[in-house]
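**Student:** If you scroll down you'll find the structure; I have some questions about it.
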Amino acid sequence: MGKVIITFFVVSMIVLQSCTGDMENINYKGNPEPLKQNAYIKLPLGAIKPTGWLKSQLEAQAEGLTGHVDDFWPDLVNSSWRGGDGEAWERGPYYLDGLVPLAYLLDDEKLIKKVNNWIEPILSSSRDSGWYGPAKNKDRWPLAVSNKVLMQYYEATNDSRAIEVLKNYFRYLKDTPPDWPDKDWRGVRAMENAVTGYWLFRQTKEPWIPDVIKSIQENSSDWTTYYEKFPWDSAASAEKKIPLNWGPDGLTAHVVNNAMAIKYPGLWFQQSGNKRFMNAVFDGISKYDLNHGQAGGRFSGDEHLSGKSPDRGTELCSVVEYMYSLEELYAIFGDNKLADRLEMLAYNALPGTTTADMWAHQYDQQSNQVIVNGDKRSWSTNGNYSNIYGLMPNFACCLANMHQGWPKFTQSLWMATNDNGLAAVAYGPCIVKAKVGKGTEVIISEETDYPFSGQINFRISSEKPARFSLYLRIPGWAENAEITYKGKTRTDKGGSTVMLYARWDPEDVITLKLPMNIRVEKRYNNSLSVLRGPLYYSLRIEKEYKKVTINYDNFGYKGSVDWEIYPKSAWNYGLMIDRANLTRGMDLVENEVTRYPFADKGDMIWSADSAKYIPWDKEAAVVITTRGMKIPGWTMKDNSADIPPLSPVKQQGVAEVIQLVPYGSAKLRITEFPVIDLKQVVDVFR
Ligand SMILES: [Zn+2]
């Protein structure tokens with residue numbers, strides 16, 4: 001038969017589970033009985049490597065805080081988790097949860113050495129009872145994080161000691177009474193243990209592990225009923241009934257707990273098979289959007305759930321935890337809306353809340369963020385310094401926990417399928433090396449500037465032709481995606497998953513073109529946000545960066561700086577929209593700097609000595625120009641931009657050309673724009 005393609009473009013599928021439920025991947029471990037089979041199987045750490053701008057992003061992280069913070073932050077320097085006599089709770093495990101994947105994604109010797117210095121004391125801390133970690137710690141919560149660290153470490157190294165520590169700890173949970181009180185973090189976050197519990201069950205098939213998880217599910221906070229009833233809705237927010245405390249009710253209104261818990265009913269669905277738990281997940285995500293949704297894919301919480309108005313903040317921990325929840329949920333359900341949301345967070349909320357060099361981060365980010373400083377704010381429970389870009393604004397949890405965001409996202413770009421194929425889950429430049437079919441190893445190189453461009457080439461390399469299915473997710477916003485292979489092109493609808501089945505030859509290239517038309521989305525008070533592909537666009541505001549020292553001295557470390565940012569141009573613009581054609585007059589300017597690599601570092605002062613290409617470093621990468629008009633009555637309130645006036649807003653000025661830049665690069669921004677009433681304007685678009 002030679003190189004004849006047996007089948008190509010066999011079927012386009014929207015619901016995946018119905019087609020693959022009975023199959024079982026022979027190369028990667030899916031769910032054993034009695035668990036339901038998931039839509040996809042996560043690939044082991046190391047199977048996917050970043051390339052292009054994404055590699056530079058991870059390298060910036062390695063050269064930034066992640067590569068250095070445990071050399072100077074006393075809570076990590078002296079951590080009891082690494083054998084010191086200091087902090088013995090969550091900070092060490094949080095840090096490792098990002099350091100471990102970063103080290104192995106980059107094959108960075110320096111970082112791997114760091115990992116080993118931390119991991120060895122943890123591996124040798126396992127006791128006869130099965131408990132492990134620092135002697136000082138009696139709380140189960142930090143072990144829930146540490147379990148995820150050991151899981152990733154094992155995947156990267158095959159060090160069987162990690163499996164033993166985890167097995168002993170799950171045996172400890174089996175042998176001791178449930179201890180998951182609603183008033184403590186370990187109780188509201190108890191099902192976090194199910195991530196590693198199910199993973200351990202896949203690895204070992206120990207039949208008692210599902211019983212342990214059942215006991216956790218039944219004896220910890222009931223998040224499923226929470227999502228069904230959703231007590232902290234917009235009415236509760238408007239009436240100030242959201243409990244701003246740290247007791248059992250306040251913990252269910254806590255933004256990070258919510259971002260973690262959205263996956264708990266989904267995790268349990270694997271074992272229960274009851275659709276009630278699946279529905280709770282999708283219901284919960286809709287309710288977040290409806291009641292607390294913000295531009296950039298996140299929901300607000302500063303740091304209790306705080307409503308939809310665009311002056312509200314979202315804590316960085318909740319961005320990375322929501323991303324991780326979506327990565328887990330996508331593997332379980334395979335619903336493309338979950339991956340669309342994951343990309344939105346990764347490509348807007350995450351870069352928008354750190355400096356490009358990953359040295360400084362915010363505690364709370366805002367969609368309409370017009371000043372960054374420590375002046376008095378009206379956050380629900382956070383301190384005034386929460387939106388500065390610094391080492392540890394407000395509280396140090398994000399400084400410990402932020403590191404997992406980019407590495408775990410990179411690690412989730414591809415997953416294995418139950419029919420021994422591969423699925424492109426989220427898009428970005430990378431290489432995946434994985435086993436397909438009957439065990440053939442293939443490499444797929446994903447060449448793209450995505451999310452700045454919608455063209456993606458998949459280049460297949462293998463020693464010999466390989467027959468397997470390749471699944472491509474078509475984002476919901478893509479109207480007609482084009483897939484081209486060997487001169488043939490087909491188009492597919494947004495939201496679908498396309499399965500391409502063929503005997504792929506070495507050096508075959510499949511091209512996916514996702515049309516990135518500019519579009520708008522209705523938001524708070526009839527305001528509008530502008531999007532292109534997975535990117536939100538924000539008003540470009542001229543800025544002045546001011547180095548400051550807040551309530552600590554960065555522990556004397558010179559590499560770390562705190563920044564306040566002040567606006568040097570007007571921000572109070574409304575958009576001039578042609579209601580018959582919403583995106584008329586919006587023009588895309590694709591600057592050369594979007595092409596990797598480039599040397600011009602632009603105007604961002606914190607990475608002037610770096611030669612790397614970080615797209616979020618430069619506001620001018622892909623720009624949208626349009627018309628706006630100042631709204632004199634729209635001013636500041638409590639040192640944030642006041643809520644956008646109800647649109648349409650009467651025109652009181654002159655039309656100006658304004659620039660919109662990606663949210664992730666705009667450290668000052670308006671993202672939810674009032675709309676100017678254009679009835680009196682005739683020729684603004686000419
Ligand atoms: Zn935090």
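Every chain in the structure tokens has a letter given in the order shown (A, B, ...), and although residue numbers restart at 1 in each chain, ligands are simply numbered from 1 in the order shown.
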May I ask you to write as JSON, numbers by chain all residues lying at most 8 Å from ligand 1, with only C-alpha atoms and all ligand atoms counted?
**Tutor:** {"A": [256, 315, 316, 317, 318, 363, 395, 396, 397, 398, 399, 400, 401, 402]}
**Student:** For C-alpha atoms, I'd like the residues from the last selection saved as a PDB file, in the first residue's frame.
**Tutor:**
```
ATOM      1  CA  VAL A 256      -9.105  30.902  46.063  1.00  0.00           C
ATOM      2  CA  GLU A 315      -6.302  37.446  43.763  1.00  0.00           C
ATOM      3  CA  LEU A 316      -3.420  35.892  41.808  1.00  0.00           C
ATOM      4  CA  CYS A 317      -3.691  32.571  43.709  1.00  0.00           C
ATOM      5  CA  SER A 318      -7.205  32.181  42.346  1.00  0.00           C
ATOM      6  CA  TYR A 363      -2.208  40.373  44.861  1.00  0.00           C
ATOM      7  CA  PHE A 395       0.046  38.714  51.930  1.00  0.00           C
ATOM      8  CA  ALA A 396       2.639  36.161  50.884  1.00  0.00           C
ATOM      9  CA  CYS A 397       0.420  33.290  49.652  1.00  0.00           C
ATOM     10  CA  CYS A 398       0.649  34.412  46.017  1.00  0.00           C
ATOM     11  CA  LEU A 399       4.429  34.766  46.282  1.00  0.00           C
ATOM     12  CA  ALA A 400       4.538  31.063  47.158  1.00  0.00           C
ATOM     13  CA  ASN A 401       1.723  29.820  44.897  1.00  0.00           C
ATOM     14  CA  MET A 402       2.074  31.817  41.655  1.00  0.00           C
TER      15      MET A 402
END
```
**Student:** Considering only C-alpha atoms, state which residue in the set A:Val661, A:Ile112, A:Leu244, A:Leu96 is at the smallest distance from A:Asp617.
**Tutor:**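 That would be A:Val661, the residue with the smallest distance to A:Asp617.
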**Student:** Restricting the calculation to only C-alpha atoms: of A:Trp73, A:Leu575, A:Val212, A:Pro121, which residue gets closest to A:Asp175?
**Tutor:**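 Smallest distance to A:Asp175 is found for A:Val212.
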**Student:** In Å, how far is it from atom CA of A:Trp477 to atom CA of A:Gln366?
**Tutor:**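 Interatomic distance, atom CA of A:Trp477 to atom CA of A:Gln366: 23.6 Å.
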**Student:** Just how far from atom CA of A:Lys110 is atom CA of A:Ser126, in Å to one decimal?
**Tutor:** 26.3 Å
**Student:** Please identify all polymer residues within 8 Å of A:Lys435, counting only C-alpha atoms, omitting same-chain residues fewer than 6 positions from it, and present them as a PyMOL selection string.
**Tutor:** chain A and resi 27+420+441-442
**Student:** Since we have the selection now, will you write its residues out, keeping N, CA, C and O atoms, as a tab-separated table (two decimals), in the first residue's frame?
**Tutor:**
```tsv
chain	number	residue	atom	x	y	z
A	27	ASN	N	-0.80	3.08	25.92
A	27	ASN	CA	0.49	3.73	26.18
A	27	ASN	C	0.51	4.55	27.47
A	27	ASN	O	1.56	4.75	28.05
A	420	ASN	N	-5.56	5.97	21.63
A	420	ASN	CA	-4.11	5.98	21.41
A	420	ASN	C	-3.64	7.09	20.48
A	420	ASN	O	-2.64	6.94	19.77
A	441	GLU	N	6.69	6.16	18.88
A	441	GLU	CA	6.96	7.48	19.44
A	441	GLU	C	6.93	8.52	18.32
A	441	GLU	O	7.60	8.35	17.30
A	442	VAL	N	6.13	9.56	18.52
A	442	VAL	CA	6.10	10.65	17.54
A	442	VAL	C	6.41	11.96	18.25
A	442	VAL	O	6.22	12.11	19.45
```
